[in-house]
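The data block below is target34.cif; it holds mmCIF, C-alpha atoms (C1' of nucleotides).
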```
data_target
#
loop_
_atom_site.label_atom_id
_atom_site.label_comp_id
_atom_site.auth_asym_id
_atom_site.auth_seq_id
_atom_site.Cartn_x
_atom_site.Cartn_y
_atom_site.Cartn_z
CA MET A 699 167.24 112.66 106.48
CA SER A 700 165.71 112.05 103.08
CA VAL A 701 162.95 109.45 102.98
CA PRO A 702 161.34 109.11 99.55
CA ARG A 703 157.72 107.97 99.42
CA SER A 704 157.25 104.54 97.99
CA GLY A 705 153.61 104.97 97.11
CA LEU A 706 152.18 102.19 99.21
CA GLN A 707 148.44 101.67 99.19
CA THR A 708 146.23 99.35 101.21
CA ASP A 709 145.34 97.38 98.10
CA THR A 710 148.95 97.13 96.99
CA ILE A 711 149.92 95.76 100.37
CA THR A 712 147.06 93.28 100.38
CA ALA A 713 147.96 92.04 96.91
CA ALA A 714 151.63 91.73 97.81
CA GLY A 715 150.71 89.88 100.98
CA ALA A 716 148.54 87.45 99.05
CA ALA A 717 151.30 86.86 96.51
CA LEU A 718 153.88 86.34 99.22
CA ALA A 719 151.57 83.94 101.06
CA ASP A 720 151.25 81.92 97.87
CA GLU A 721 155.02 81.74 97.61
CA ILE A 722 156.09 80.94 101.14
CA GLY A 723 152.88 79.65 102.73
CA PHE A 724 150.25 81.51 104.68
CA THR A 725 151.62 80.60 108.09
CA GLU A 726 155.00 82.00 107.07
CA LEU A 727 153.52 85.33 106.07
CA THR A 728 154.81 87.88 108.51
CA MET A 729 154.65 91.66 108.76
CA GLY A 730 158.42 91.82 108.58
CA ARG A 731 158.74 89.66 105.49
CA LEU A 732 155.98 91.55 103.74
CA ALA A 733 157.65 94.86 104.53
CA GLU A 734 160.93 93.54 103.19
CA ARG A 735 159.24 92.40 100.01
CA LEU A 736 157.81 95.89 99.59
CA GLY A 737 161.16 97.52 100.28
CA VAL A 738 159.94 99.24 103.38
CA ARG A 739 160.39 99.02 107.16
CA THR A 740 157.86 97.00 109.13
CA PRO A 741 156.17 99.83 111.05
CA SER A 742 155.45 101.65 107.81
CA LEU A 743 152.82 99.08 106.96
CA TYR A 744 150.77 100.23 109.92
CA LYS A 745 150.07 103.51 108.14
CA HIS A 746 147.89 101.53 105.74
CA ILE A 747 146.64 98.45 107.54
CA ALA A 748 145.62 98.00 111.15
CA GLY A 749 147.80 94.98 111.81
CA GLN A 750 148.31 91.33 111.01
CA ASP A 751 144.73 90.31 111.58
CA ASP A 752 143.51 93.11 109.36
CA LEU A 753 145.94 92.01 106.68
CA ASN A 754 144.81 88.40 106.91
CA ARG A 755 141.18 89.36 106.58
CA ARG A 756 141.87 91.55 103.57
CA ILE A 757 143.70 88.71 101.89
CA ALA A 758 140.84 86.37 102.70
CA ALA A 759 138.29 88.79 101.27
CA LEU A 760 140.40 89.17 98.15
CA ALA A 761 140.60 85.40 97.77
CA HIS A 762 136.85 85.00 98.17
CA THR A 763 136.23 87.55 95.46
CA GLU A 764 138.75 85.97 93.13
CA ILE A 765 137.27 82.52 93.70
CA ALA A 766 133.79 83.79 92.96
CA ASP A 767 135.03 85.40 89.77
CA ALA A 768 136.87 82.29 88.68
CA ILE A 769 133.88 80.02 89.25
CA GLY A 770 131.52 82.52 87.68
CA THR A 771 133.62 82.75 84.57
CA ALA A 772 134.16 79.00 84.37
CA THR A 773 130.45 78.20 84.55
CA GLN A 774 129.33 80.80 82.01
CA GLY A 775 127.07 79.19 79.48
CA ARG A 776 127.15 75.78 81.11
CA ALA A 777 124.49 73.88 83.02
CA GLY A 778 123.97 70.66 84.96
CA ARG A 779 126.88 68.33 85.37
CA ASP A 780 128.89 70.48 83.00
CA ALA A 781 128.58 73.55 85.16
CA LEU A 782 129.18 71.51 88.30
CA ALA A 783 132.41 70.09 86.92
CA ALA A 784 133.56 73.48 85.66
CA ALA A 785 132.98 75.04 89.08
CA ALA A 786 134.78 72.24 90.86
CA HIS A 787 137.76 72.45 88.54
CA ALA A 788 137.93 76.22 88.82
CA LEU A 789 138.07 76.02 92.59
CA ARG A 790 140.64 73.28 92.54
CA ASP A 791 142.83 75.20 90.12
CA PHE A 792 142.59 78.24 92.31
CA VAL A 793 143.66 76.32 95.40
CA LEU A 794 146.57 74.76 93.58
CA THR A 795 147.70 78.04 92.06
CA HIS A 796 147.12 80.22 95.10
CA PRO A 797 147.49 78.03 98.17
CA GLY A 798 148.47 80.93 100.40
CA ARG A 799 145.47 83.16 99.87
CA TYR A 800 143.19 80.14 99.99
CA ALA A 801 144.61 79.20 103.37
CA ALA A 802 143.80 82.72 104.51
CA THR A 803 140.11 82.02 104.03
CA LEU A 804 140.15 79.06 106.41
CA GLY A 805 139.58 79.27 110.11
CA LEU A 806 138.46 82.89 110.17
CA THR A 807 135.65 83.79 112.49
CA PRO A 808 133.55 86.51 110.85
CA ILE A 809 133.35 89.38 113.29
CA GLY A 810 130.08 91.03 112.43
CA PRO A 811 127.58 91.63 109.68
CA GLY A 812 129.74 94.39 108.21
CA ASP A 813 132.81 92.19 108.08
CA PRO A 814 134.34 92.39 104.59
CA VAL A 815 135.24 88.72 104.86
CA ALA A 816 131.64 87.72 105.51
CA ILE A 817 130.43 89.93 102.68
CA ALA A 818 132.94 88.59 100.19
CA ALA A 819 132.19 85.03 101.30
CA SER A 820 128.46 85.40 100.85
CA ARG A 821 128.94 87.03 97.47
CA GLY A 822 130.98 83.96 96.62
CA LEU A 823 127.86 81.84 96.86
CA GLY A 824 126.36 83.43 93.75
CA PRO A 825 128.09 81.19 91.23
CA PHE A 826 127.16 78.11 93.25
CA GLU A 827 123.57 79.19 93.13
CA ALA A 828 123.84 79.55 89.37
CA VAL A 829 125.15 76.00 89.13
CA LEU A 830 122.29 74.67 91.22
CA ARG A 831 119.77 76.41 89.02
CA GLY A 832 120.66 73.83 86.41
CA TYR A 833 119.15 71.18 88.67
CA ASP A 834 115.52 71.34 89.69
CA ILE A 835 116.11 72.31 93.28
CA SER A 836 113.07 73.62 95.11
CA PRO A 837 113.53 77.06 96.67
CA GLU A 838 113.27 75.79 100.22
CA THR A 839 116.04 73.26 99.72
CA MET A 840 118.28 75.72 97.91
CA THR A 841 119.99 76.74 101.13
CA HIS A 842 120.77 73.14 101.97
CA ALA A 843 122.11 72.47 98.52
CA LEU A 844 124.26 75.59 98.64
CA ARG A 845 125.78 74.56 101.92
CA ALA A 846 126.33 71.05 100.65
CA LEU A 847 128.16 72.26 97.57
CA ARG A 848 130.28 74.63 99.56
CA SER A 849 131.13 71.94 102.10
CA LEU A 850 132.07 69.36 99.52
CA PHE A 851 134.14 71.63 97.35
CA HIS A 852 136.03 73.12 100.22
CA GLY A 853 136.50 69.76 101.82
CA PHE A 854 138.05 68.39 98.71
CA ALA A 855 140.10 71.49 98.04
CA ASP A 856 141.49 71.25 101.53
CA LEU A 857 142.21 67.59 101.09
CA GLN A 858 144.04 68.40 97.90
CA ALA A 859 146.01 71.21 99.49
CA THR A 860 147.12 69.54 102.70
CA GLY A 861 147.42 65.82 102.69
CA GLY A 862 146.15 64.56 99.39
CA PHE A 863 149.42 63.22 98.19
CA GLN A 864 149.79 60.66 100.91
CA TRP A 865 147.72 58.18 98.98
CA SER A 866 148.85 56.59 95.81
CA THR A 867 145.72 56.57 93.71
CA ASP A 868 145.42 59.58 91.42
CA VAL A 869 143.66 62.42 93.17
CA GLY A 870 142.34 63.83 89.93
CA GLU A 871 140.44 60.64 89.32
CA SER A 872 138.89 60.81 92.76
CA PHE A 873 137.93 64.36 92.00
CA GLU A 874 135.96 63.32 88.94
CA TRP A 875 134.36 60.56 90.94
CA LEU A 876 133.26 63.03 93.59
CA ILE A 877 131.75 65.30 90.94
CA ASP A 878 129.72 62.41 89.64
CA LEU A 879 128.62 61.53 93.14
CA ILE A 880 127.32 65.03 93.75
CA ASP A 881 125.75 65.23 90.32
CA GLN A 882 123.80 62.06 90.92
CA GLY A 883 122.81 63.14 94.39
CA LEU A 884 121.53 66.47 93.12
CA ARG A 885 119.56 64.77 90.38
CA GLN A 886 117.84 62.60 92.95
CA ALA A 887 117.06 65.60 95.09
CA ALA A 888 115.35 67.34 92.18
CA MET B 1223 165.90 76.00 146.92
CA SER B 1224 163.17 73.37 147.18
CA VAL B 1225 161.46 72.49 143.91
CA PRO B 1226 158.92 69.68 144.29
CA ARG B 1227 158.30 67.45 141.30
CA SER B 1228 154.91 67.90 139.74
CA GLY B 1229 154.84 64.57 137.98
CA LEU B 1230 154.43 65.81 134.45
CA GLN B 1231 154.25 63.28 131.65
CA THR B 1232 154.20 63.70 127.90
CA ASP B 1233 150.67 62.34 127.74
CA THR B 1234 149.48 64.56 130.56
CA ILE B 1235 150.83 67.60 128.80
CA THR B 1236 149.27 66.58 125.51
CA ALA B 1237 145.91 66.03 127.14
CA ALA B 1238 146.09 69.32 128.99
CA GLY B 1239 147.08 71.09 125.79
CA ALA B 1240 144.14 69.57 123.95
CA ALA B 1241 141.76 70.58 126.73
CA LEU B 1242 143.13 74.11 126.83
CA ALA B 1243 142.88 74.41 123.05
CA ASP B 1244 139.24 73.43 123.29
CA GLU B 1245 138.68 76.16 125.85
CA ILE B 1246 140.53 79.13 124.37
CA GLY B 1247 140.94 78.12 120.73
CA PHE B 1248 143.80 76.34 119.03
CA THR B 1249 145.47 79.49 117.75
CA GLU B 1250 145.54 80.86 121.31
CA LEU B 1251 147.27 77.78 122.65
CA THR B 1252 150.71 78.83 123.72
CA MET B 1253 153.54 77.18 125.58
CA GLY B 1254 153.30 79.81 128.27
CA ARG B 1255 149.59 79.43 128.82
CA LEU B 1256 149.85 75.66 128.87
CA ALA B 1257 152.63 75.83 131.44
CA GLU B 1258 150.55 78.17 133.55
CA ARG B 1259 147.62 75.79 133.36
CA LEU B 1260 149.85 72.98 134.56
CA GLY B 1261 151.28 75.08 137.38
CA VAL B 1262 154.76 74.98 135.97
CA ARG B 1263 157.24 77.33 134.28
CA THR B 1264 157.39 77.35 130.50
CA PRO B 1265 160.84 75.82 130.00
CA SER B 1266 159.88 72.83 132.12
CA LEU B 1267 157.62 71.61 129.33
CA TYR B 1268 160.66 71.10 127.15
CA LYS B 1269 161.77 68.22 129.34
CA HIS B 1270 158.80 66.26 127.98
CA ILE B 1271 157.99 67.63 124.55
CA ALA B 1272 160.30 68.94 121.85
CA GLY B 1273 158.47 72.21 121.29
CA GLN B 1274 155.30 73.79 120.05
CA ASP B 1275 155.22 71.90 116.79
CA ASP B 1276 155.70 68.62 118.59
CA LEU B 1277 152.88 69.53 120.95
CA ASN B 1278 150.57 70.43 118.07
CA ARG B 1279 151.27 67.15 116.33
CA ARG B 1280 150.65 65.17 119.48
CA ILE B 1281 147.34 66.92 119.98
CA ALA B 1282 146.44 66.26 116.35
CA ALA B 1283 147.32 62.60 116.68
CA LEU B 1284 145.24 62.37 119.83
CA ALA B 1285 142.31 63.99 118.08
CA HIS B 1286 142.56 61.62 115.13
CA THR B 1287 142.50 58.65 117.45
CA GLU B 1288 139.57 60.00 119.42
CA ILE B 1289 137.62 60.74 116.24
CA ALA B 1290 138.24 57.25 114.94
CA ASP B 1291 137.06 55.80 118.23
CA ALA B 1292 133.97 57.96 118.32
CA ILE B 1293 132.97 57.09 114.77
CA GLY B 1294 133.81 53.44 115.27
CA THR B 1295 131.64 53.25 118.36
CA ALA B 1296 128.80 55.19 116.79
CA THR B 1297 128.62 52.97 113.74
CA GLN B 1298 128.79 49.66 115.60
CA GLY B 1299 126.02 47.42 114.38
CA ARG B 1300 124.73 49.87 111.82
CA ALA B 1301 124.89 49.79 108.05
CA GLY B 1302 124.00 51.88 105.02
CA ARG B 1303 122.40 55.25 105.56
CA ASP B 1304 122.15 54.47 109.25
CA ALA B 1305 125.87 54.03 109.62
CA LEU B 1306 126.58 57.03 107.45
CA ALA B 1307 124.37 59.27 109.54
CA ALA B 1308 125.81 57.92 112.78
CA ALA B 1309 129.34 58.61 111.58
CA ALA B 1310 128.48 62.10 110.44
CA HIS B 1311 126.80 62.93 113.72
CA ALA B 1312 129.65 61.52 115.72
CA LEU B 1313 132.13 63.69 113.89
CA ARG B 1314 129.99 66.77 114.17
CA ASP B 1315 129.55 66.24 117.89
CA PHE B 1316 133.28 65.88 118.24
CA VAL B 1317 133.98 69.09 116.39
CA LEU B 1318 131.44 70.97 118.44
CA THR B 1319 132.65 69.55 121.72
CA HIS B 1320 136.36 69.72 120.98
CA PRO B 1321 136.92 72.54 118.51
CA GLY B 1322 140.48 73.13 119.63
CA ARG B 1323 141.86 69.65 119.10
CA TYR B 1324 139.96 69.38 115.84
CA ALA B 1325 141.59 72.56 114.61
CA ALA B 1326 144.93 70.99 115.46
CA THR B 1327 144.34 68.34 112.81
CA LEU B 1328 143.96 70.92 110.05
CA GLY B 1329 146.74 72.31 107.96
CA LEU B 1330 149.40 69.90 109.17
CA THR B 1331 151.86 68.66 106.60
CA PRO B 1332 152.79 65.08 107.45
CA ILE B 1333 156.55 64.91 107.75
CA GLY B 1334 157.35 61.34 106.88
CA PRO B 1335 156.01 57.81 106.84
CA GLY B 1336 156.75 57.41 110.53
CA ASP B 1337 154.92 60.56 111.47
CA PRO B 1338 152.48 59.79 114.32
CA VAL B 1339 150.02 62.22 112.79
CA ALA B 1340 150.03 60.40 109.48
CA ILE B 1341 149.67 57.06 111.25
CA ALA B 1342 146.79 58.22 113.42
CA ALA B 1343 145.13 59.82 110.44
CA SER B 1344 145.32 56.72 108.30
CA ARG B 1345 144.07 54.57 111.16
CA GLY B 1346 141.19 57.01 111.32
CA LEU B 1347 140.07 55.85 107.91
CA GLY B 1348 139.09 52.45 109.26
CA PRO B 1349 135.62 53.40 110.47
CA PHE B 1350 134.93 55.20 107.19
CA GLU B 1351 135.82 52.07 105.32
CA ALA B 1352 133.44 50.13 107.53
CA VAL B 1353 130.65 52.54 106.69
CA LEU B 1354 131.32 52.17 102.99
CA ARG B 1355 131.22 48.43 103.27
CA GLY B 1356 127.49 48.84 103.82
CA TYR B 1357 127.23 50.07 100.26
CA ASP B 1358 128.28 47.87 97.39
CA ILE B 1359 131.39 49.81 96.51
CA SER B 1360 133.79 47.99 94.24
CA PRO B 1361 137.33 47.67 95.56
CA GLU B 1362 138.82 49.92 92.91
CA THR B 1363 136.44 52.76 93.71
CA MET B 1364 136.87 52.36 97.45
CA THR B 1365 139.69 54.91 97.51
CA HIS B 1366 137.57 57.45 95.70
CA ALA B 1367 134.67 56.90 98.05
CA LEU B 1368 136.94 57.20 101.07
CA ARG B 1369 138.26 60.51 99.85
CA ALA B 1370 134.77 61.71 99.10
CA LEU B 1371 133.62 60.88 102.62
CA ARG B 1372 136.63 62.58 104.09
CA SER B 1373 136.00 65.67 101.97
CA LEU B 1374 132.39 65.72 102.96
CA PHE B 1375 133.03 65.54 106.66
CA HIS B 1376 135.88 67.98 106.48
CA GLY B 1377 133.86 70.47 104.51
CA PHE B 1378 130.92 70.28 106.79
CA ALA B 1379 133.02 70.64 109.90
CA ASP B 1380 134.42 73.78 108.34
CA LEU B 1381 130.96 75.06 107.56
CA GLN B 1382 129.82 74.38 111.09
CA ALA B 1383 132.85 76.00 112.64
CA THR B 1384 133.27 79.12 110.55
CA GLY B 1385 130.22 80.46 108.85
CA GLY B 1386 127.36 78.37 110.10
CA PHE B 1387 125.68 81.08 112.09
CA GLN B 1388 125.64 83.71 109.40
CA TRP B 1389 122.66 82.13 107.71
CA SER B 1390 119.24 81.86 109.17
CA THR B 1391 118.21 78.39 108.08
CA ASP B 1392 118.97 75.70 110.62
CA VAL B 1393 122.34 74.14 110.03
CA GLY B 1394 121.25 70.85 111.52
CA GLU B 1395 118.63 70.50 108.84
CA SER B 1396 121.20 71.14 106.14
CA PHE B 1397 123.31 68.48 107.76
CA GLU B 1398 120.60 65.87 107.37
CA TRP B 1399 120.04 66.95 103.80
CA LEU B 1400 123.72 66.57 103.05
CA ILE B 1401 123.73 63.07 104.51
CA ASP B 1402 120.86 62.13 102.22
CA LEU B 1403 122.70 63.58 99.26
CA ILE B 1404 125.73 61.43 99.90
CA ASP B 1405 123.66 58.38 100.71
CA GLN B 1406 121.88 58.63 97.38
CA GLY B 1407 125.10 59.27 95.54
CA LEU B 1408 126.72 56.21 97.10
CA ARG B 1409 123.73 54.05 96.27
CA GLN B 1410 124.01 55.08 92.64
CA ALA B 1411 127.70 54.33 92.63
CA ALA B 1412 127.08 50.79 93.83
"C1'" DT C 1260 174.35 56.30 152.67
"C1'" DC C 1261 176.06 57.84 148.12
"C1'" DG C 1262 175.86 59.01 143.77
"C1'" DC C 1263 173.40 59.46 139.29
"C1'" DT C 1264 169.72 60.63 136.57
"C1'" DT C 1265 166.02 63.61 135.94
"C1'" DG C 1266 162.73 67.30 136.06
"C1'" DG C 1267 162.04 71.34 138.02
"C1'" DC C 1268 163.99 76.44 137.88
"C1'" DT C 1269 166.20 81.14 136.52
"C1'" DA C 1270 168.47 83.76 133.08
"C1'" DA C 1271 169.36 84.92 128.48
"C1'" DT C 1272 168.60 85.08 123.37
"C1'" DG C 1273 166.17 86.05 119.28
"C1'" DG C 1274 162.22 87.10 116.64
"C1'" DG C 1275 157.73 88.95 115.76
"C1'" DA C 1276 153.89 92.47 116.48
"C1'" DT C 1277 152.86 96.77 117.78
"C1'" DT C 1278 153.21 101.73 119.51
"C1'" DA C 1279 155.36 106.40 120.21
"C1'" DG C 1280 157.28 110.10 118.46
"C1'" DC C 1281 160.25 112.42 114.79
"C1'" DT C 1282 160.81 114.41 110.20
"C1'" DA C 1283 160.59 115.09 105.47
"C1'" DA C 1284 157.63 114.78 101.40
"C1'" DA C 1285 153.42 116.09 99.24
"C1'" DA C 1286 149.59 118.63 98.64
"C1'" DG C 1287 146.90 122.68 99.19
"C1'" DC C 1288 146.30 127.51 99.72
"C1'" DT C 1289 147.31 132.54 99.09
"C1'" DA D 1495 156.75 131.19 94.87
"C1'" DG D 1496 156.15 130.72 99.94
"C1'" DC D 1497 153.64 128.98 103.90
"C1'" DT D 1498 150.97 125.49 106.29
"C1'" DT D 1499 149.03 121.12 107.03
"C1'" DT D 1500 148.71 116.47 106.43
"C1'" DT D 1501 150.80 112.20 105.52
"C1'" DA D 1502 153.99 108.34 105.07
"C1'" DG D 1503 158.16 107.08 105.76
"C1'" DC D 1504 161.75 106.10 109.73
"C1'" DT D 1505 164.14 104.85 114.40
"C1'" DA D 1506 163.67 103.41 119.01
"C1'" DA D 1507 161.36 101.04 122.45
"C1'" DT D 1508 158.07 97.65 124.50
"C1'" DC D 1509 155.91 93.35 125.07
"C1'" DC D 1510 155.02 88.58 124.26
"C1'" DC D 1511 156.41 84.17 122.82
"C1'" DA D 1512 159.52 80.12 121.73
"C1'" DT D 1513 163.59 78.18 122.72
"C1'" DT D 1514 168.31 77.15 124.86
"C1'" DA D 1515 171.91 77.02 128.55
"C1'" DG D 1516 173.14 75.86 132.69
"C1'" DC D 1517 172.07 75.24 137.83
"C1'" DC D 1518 170.33 72.36 141.60
"C1'" DA D 1519 167.38 69.55 144.31
"C1'" DA D 1520 164.37 65.12 144.28
"C1'" DG D 1521 164.16 60.62 144.03
"C1'" DC D 1522 165.92 56.22 142.88
"C1'" DG D 1523 168.98 52.24 142.93
"C1'" DA D 1524 173.30 50.07 144.70
#
```
Would you write out, as C-alpha cells, the structure that this file holds?
Amino acid sequence: MSVPRSGLQTDTITAAGAALADEIGFTELTMGRLAERLGVRTPSLYKHIAGQDDLNRRIAALAHTEIADAIGTATQGRAGRDALAAAAHALRDFVLTHPGRYAATLGLTPIGPGDPVAIAASRGLGPFEAVLRGYDISPETMTHALRALRSLFHGFADLQATGGFQWSTDVGESFEWLIDLIDQGLRQAA
Amino acid sequence: MSVPRSGLQTDTITAAGAALADEIGFTELTMGRLAERLGVRTPSLYKHIAGQDDLNRRIAALAHTEIADAIGTATQGRAGRDALAAAAHALRDFVLTHPGRYAATLGLTPIGPGDPVAIAASRGLGPFEAVLRGYDISPETMTHALRALRSLFHGFADLQATGGFQWSTDVGESFEWLIDLIDQGLRQAA
DNA sequence: TCGCTTGGCTAATGGGATTAGCTAAAAGCT
DNA sequence: AGCTTTTAGCTAATCCCATTAGCCAAGCGA
C-alpha cells in the first residue's frame, strides 16, 4: 500500500495547532481535528509530539514567545506612559487576534525548571522590564512591579477575552483608564 | 433487585463536585469520579443535573456567590485602602483554599441573560462597588474602576495559581505592593 | 392497599486519546 | 545501482469518558 510522506514536523504541527485553536477555540482543539486539518490520520501525530498535553505546552510556549516579541517590538523607542500603553495594546491585540493560543497559556502548571513553557514565560518578562525601566523603580521593588504588570495585563486580557462584552460601557475606554491607573501608581512608587 | 435511594439533590451534587474539584483539580473533575465520590453510578447523576457543562456552571455560580460573600464579609466596616486590602486578601484566600471551584469560574462564556453564572457573577460585583465607594470615584468612571479591580484580582489569582512559585521573592510581599499600587492609582483618579 | 412518580440501575452508543504492530518511503552506504 | 536501516505514515485495538435508553423498585398520596 502506497503511503506518501507528508513532511510533518513538530514545529509545523505546533503552528497548525495554534492556528486551529485560534479558529475553533482552544477547548475544541483535538488531536483528531488537528490531524484532519493536516491531512493525516490521528496516530501519525504521535510520531512527532508526545500527546495532547505536549501539544498544548508547545502551543503555550509559542504564544509566550510571540507575545514577548509583539510587546518588545511595540515598545521599541518608547518610554514611560507611552511604552506602558504600547505594551498593553500589543497584548490586547494579540489576545483578540489569537484567542486560542492565548488560552493555551492559561492554567498550565509548569512542570520543572527545564519546562519550555516556564522558560518561554520568563523570557516574556523582558519587555515588561524594559517598560518599567522608564519609571524610577528601585531594583528591590522591580520584582513586585513586574508581577503587578503581568497580573494586571493578563487580568484585563482575560476579561476582554471571556466576558468583557456583558457590560455596555466601551471596553476600550476602560482599557485606557486602567493604563492611566497603572501609570499613576508606578509614578508614585518611583 | 433492591436499590435504596441515596437522597441525592442537585445542590448536594454541586457541592460535592466543587469539593472534589478543590481536591483533585477542576480539569480532573469527571462525572464518573463525582459519581464514585457520591457512592452512586454515573448515569444516576443525570436525574439531577443536565450534564457536565451544567455541573460546571453550577459550580461556577456557587463559587461566584461564595466569593461575593467572602469579600462582602471581609470588607464590612472598612473603607479605603483598608477595604481594598481586605477584599484582595479575601479573594486570595478563597483561591488558595478552593482552587477547583475558582478554576470553574474561568473561561466560561455566559449563555444568555438568564444564565445563573452571569447572574451570580454580576451580583459578585456588589462588594467591589462597595470598596470603590470608599474612594471618590465619579459615577461615570465607576464602570472603569470596577473592571480594573476585577482585572487586578483576576490577574493576581492567576499569578498565584500558575507561576507564583517559580520566582524566589515572596509572593505575599508582591501582593501587598500591588494593593498599594492600586490604592494610589485610585486615589489619583478621585 | 394501589398506583404513580421518581431516582436508582444496567446496557449500549459514540467520541476522543493513546498504543501496538505493519509496511513503504527515504536516506545512507558500498 | 542495490542493499540495509531508519522513519513516518497507516490500520486495528484498547481504554476512558459523557450521554441516552429503557428497566424496576422505593416511596408517596389517595
Find the residues in chain D near chain B: any atom within 12 Å counts, using all atoms listed in the file. Write them as a PyMOL selection string.
-> chain D and resi 1510-1515+1517-1521
What do you get, as a PyMOL selection string, if you spell out every residue that the PyMOL selection byres ((chain C and resi 1260) around 12) selects here?
-> (chain C and resi 1261-1262) or (chain D and resi 1523-1524)
Atom-to-atom span, atom CA of A:Leu884 and atom CA of A:Thr807, Å |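 Here the two named atoms are 29.6 Å from each other.
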Excluding same-chain residues fewer than 3 positions from B:Thr1232, what lies within 8 Å of it counting all atoms listed in the file, as a list in words?
->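 Skipping anything fewer than 3 positions along the chain leaves Ile1235, Thr1236, His1270 and Ile1271 of chain B.
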Using atom CA of A:Ala786 and atom CA of B:Gly1407 as the two end points, give the distance in Å to one decimal.
->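 Atom CA of A:Ala786 sits 16.8 Å away from atom CA of B:Gly1407.
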Here's the selection I'm unsure about, the PyMOL selection byres ((chain C) within 10 of (chain A)); applied to the file above, which residues does it give, as a PDB file with C-alpha atoms (C1' of nucleotides), in the coordinates of the input?
```
ATOM      1  C1'  DG C1275     157.730  88.950 115.760  1.00  0.00           C
ATOM      2  C1'  DA C1276     153.890  92.470 116.480  1.00  0.00           C
ATOM      3  C1'  DT C1277     152.860  96.770 117.780  1.00  0.00           C
ATOM      4  C1'  DT C1278     153.210 101.730 119.510  1.00  0.00           C
ATOM      5  C1'  DT C1282     160.810 114.410 110.200  1.00  0.00           C
ATOM      6  C1'  DA C1283     160.590 115.090 105.470  1.00  0.00           C
ATOM      7  C1'  DA C1284     157.630 114.780 101.400  1.00  0.00           C
ATOM      8  C1'  DA C1285     153.420 116.090  99.240  1.00  0.00           C
TER       9       DA C1285
END
```
Give me, please, the distance in Å between atom CA of B:Val1317 and atom CA of B:Phe1248, quoted to one decimal.
-> 12.5 Å
For chain A, the closest of B:Ser1373, B:Gln1382, B:Thr1365, B:Ser1344 counting only C-alpha atoms is B:Ser1373
Any chance you could resolve the PyMOL selection byres ((chain B and resi 1358) around 6) against this file and give the residues as a PyMOL selection string?
-> chain B and resi 1357+1359+1412
Can you list, as a ChimeraX atom specification, every protein, DNA or RNA residue that comes within 9 Å of stretch 1495-1498 of chain D when you count only C-alpha atoms (C1' of nucleotides), leaving out same-chain residues fewer than 4 positions away?
-> /C:1287-1289
Tell me which of A:Ala768, A:Ala828, A:Ala777, A:Ala818 sits closest to A:Asp791, counting all atoms listed in the file.
->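 Closest to A:Asp791, using all atoms listed in the file: A:Ala768.
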Determine which residues of chain A sit within 8 Å of chain B, taking into account all atoms listed in the file, and present them as a compact mmCIF listing (two decimals) with C-alpha atoms, in the coordinates of the input.
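Once written, iface_26.txt looks like this:
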```txt
# COMPACT_ATOMS: atom_id res chain seq x y z
CA GLY A 805 139.58 79.27 110.11
CA LEU A 806 138.46 82.89 110.17
CA THR A 807 135.65 83.79 112.49
CA PRO A 808 133.55 86.51 110.85
CA THR A 841 119.99 76.74 101.13
CA HIS A 842 120.77 73.14 101.97
CA ALA A 843 122.11 72.47 98.52
CA ARG A 845 125.78 74.56 101.92
CA ALA A 846 126.33 71.05 100.65
CA ARG A 848 130.28 74.63 99.56
CA SER A 849 131.13 71.94 102.10
CA LEU A 850 132.07 69.36 99.52
CA PHE A 851 134.14 71.63 97.35
CA HIS A 852 136.03 73.12 100.22
CA GLY A 853 136.50 69.76 101.82
CA PHE A 854 138.05 68.39 98.71
CA ASP A 856 141.49 71.25 101.53
CA LEU A 857 142.21 67.59 101.09
CA THR A 860 147.12 69.54 102.70
CA GLY A 861 147.42 65.82 102.69
CA THR A 867 145.72 56.57 93.71
CA GLU A 871 140.44 60.64 89.32
CA SER A 872 138.89 60.81 92.76
CA PHE A 873 137.93 64.36 92.00
CA TRP A 875 134.36 60.56 90.94
CA LEU A 876 133.26 63.03 93.59
CA LEU A 879 128.62 61.53 93.14
CA ILE A 880 127.32 65.03 93.75
CA ASP A 881 125.75 65.23 90.32
CA GLN A 882 123.80 62.06 90.92
CA GLY A 883 122.81 63.14 94.39
CA LEU A 884 121.53 66.47 93.12
CA GLN A 886 117.84 62.60 92.95
CA ALA A 887 117.06 65.60 95.09
```
Close residues, A:Asp767 itself excluded, 12 Å, only C-alpha atoms (C1' of nucleotides), min 3 positions apart in chain, as number ranges by chain | A: 760-764, 770-774, 785, 788-789, 792, 818-819, 821-826
How about saving the chosen residues, C-alpha atoms kept, as a tab-separated table (two decimals), in the frame of the given file?
```
chain	number	residue	atom	x	y	z
A	760	LEU	CA	140.40	89.17	98.15
A	761	ALA	CA	140.60	85.40	97.77
A	762	HIS	CA	136.85	85.00	98.17
A	763	THR	CA	136.23	87.55	95.46
A	764	GLU	CA	138.75	85.97	93.13
A	770	GLY	CA	131.52	82.52	87.68
A	771	THR	CA	133.62	82.75	84.57
A	772	ALA	CA	134.16	79.00	84.37
A	773	THR	CA	130.45	78.20	84.55
A	774	GLN	CA	129.33	80.80	82.01
A	785	ALA	CA	132.98	75.04	89.08
A	788	ALA	CA	137.93	76.22	88.82
A	789	LEU	CA	138.07	76.02	92.59
A	792	PHE	CA	142.59	78.24	92.31
A	818	ALA	CA	132.94	88.59	100.19
A	819	ALA	CA	132.19	85.03	101.30
A	821	ARG	CA	128.94	87.03	97.47
A	822	GLY	CA	130.98	83.96	96.62
A	823	LEU	CA	127.86	81.84	96.86
A	824	GLY	CA	126.36	83.43	93.75
A	825	PRO	CA	128.09	81.19	91.23
A	826	PHE	CA	127.16	78.11	93.25
```
Padding 8 Å on every side, please: axis-aligned box over the listed atoms of stretch 1285-1302 of chain B, centre and edge lengths to one decimal in Å, as lines of an AutoDock Vina configuration file.
```
center_x = 133.3
center_y = 55.7
center_z = 112.2
size_x = 34.6
size_y = 32.6
size_z = 30.4
```
Would you list the contacts of B:Val1262 as a list of chain:residue names, taking every protein, DNA or RNA residue within 10 Å and counting only C-alpha atoms (C1' of nucleotides), but skipping same-chain residues closer than 4 positions in sequence?
-> B:Arg1227, B:Ser1228, B:Leu1230, B:Gly1254, B:Arg1255, B:Leu1256, B:Ala1257, B:Glu1258, B:Ser1266, B:Leu1267, C:DG1267, C:DC1268
Can you tell me, as a list in words, what residues are no more than 10 Å from D:DA1506 when counting all atoms listed in the file, ignoring any on the same chain fewer than 2 positions away?
->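 Once the nearby chain positions are removed, what remains is DA1279 and DG1280 of chain C; DC1504 and DT1508 of chain D.
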Convert the current residue selection to file output with C-alpha atoms (C1' of nucleotides), as a short mmCIF file (atom, residue, chain, number, x, y, z; two decimals), keeping the file's coordinate frame.
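out-v9.cif written:
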```cif
data_model
loop_
_atom_site.label_atom_id
_atom_site.label_comp_id
_atom_site.auth_asym_id
_atom_site.auth_seq_id
_atom_site.Cartn_x
_atom_site.Cartn_y
_atom_site.Cartn_z
"C1'" DA C 1279 155.36 106.40 120.21
"C1'" DG C 1280 157.28 110.10 118.46
"C1'" DC D 1504 161.75 106.10 109.73
"C1'" DT D 1508 158.07 97.65 124.50
#
```
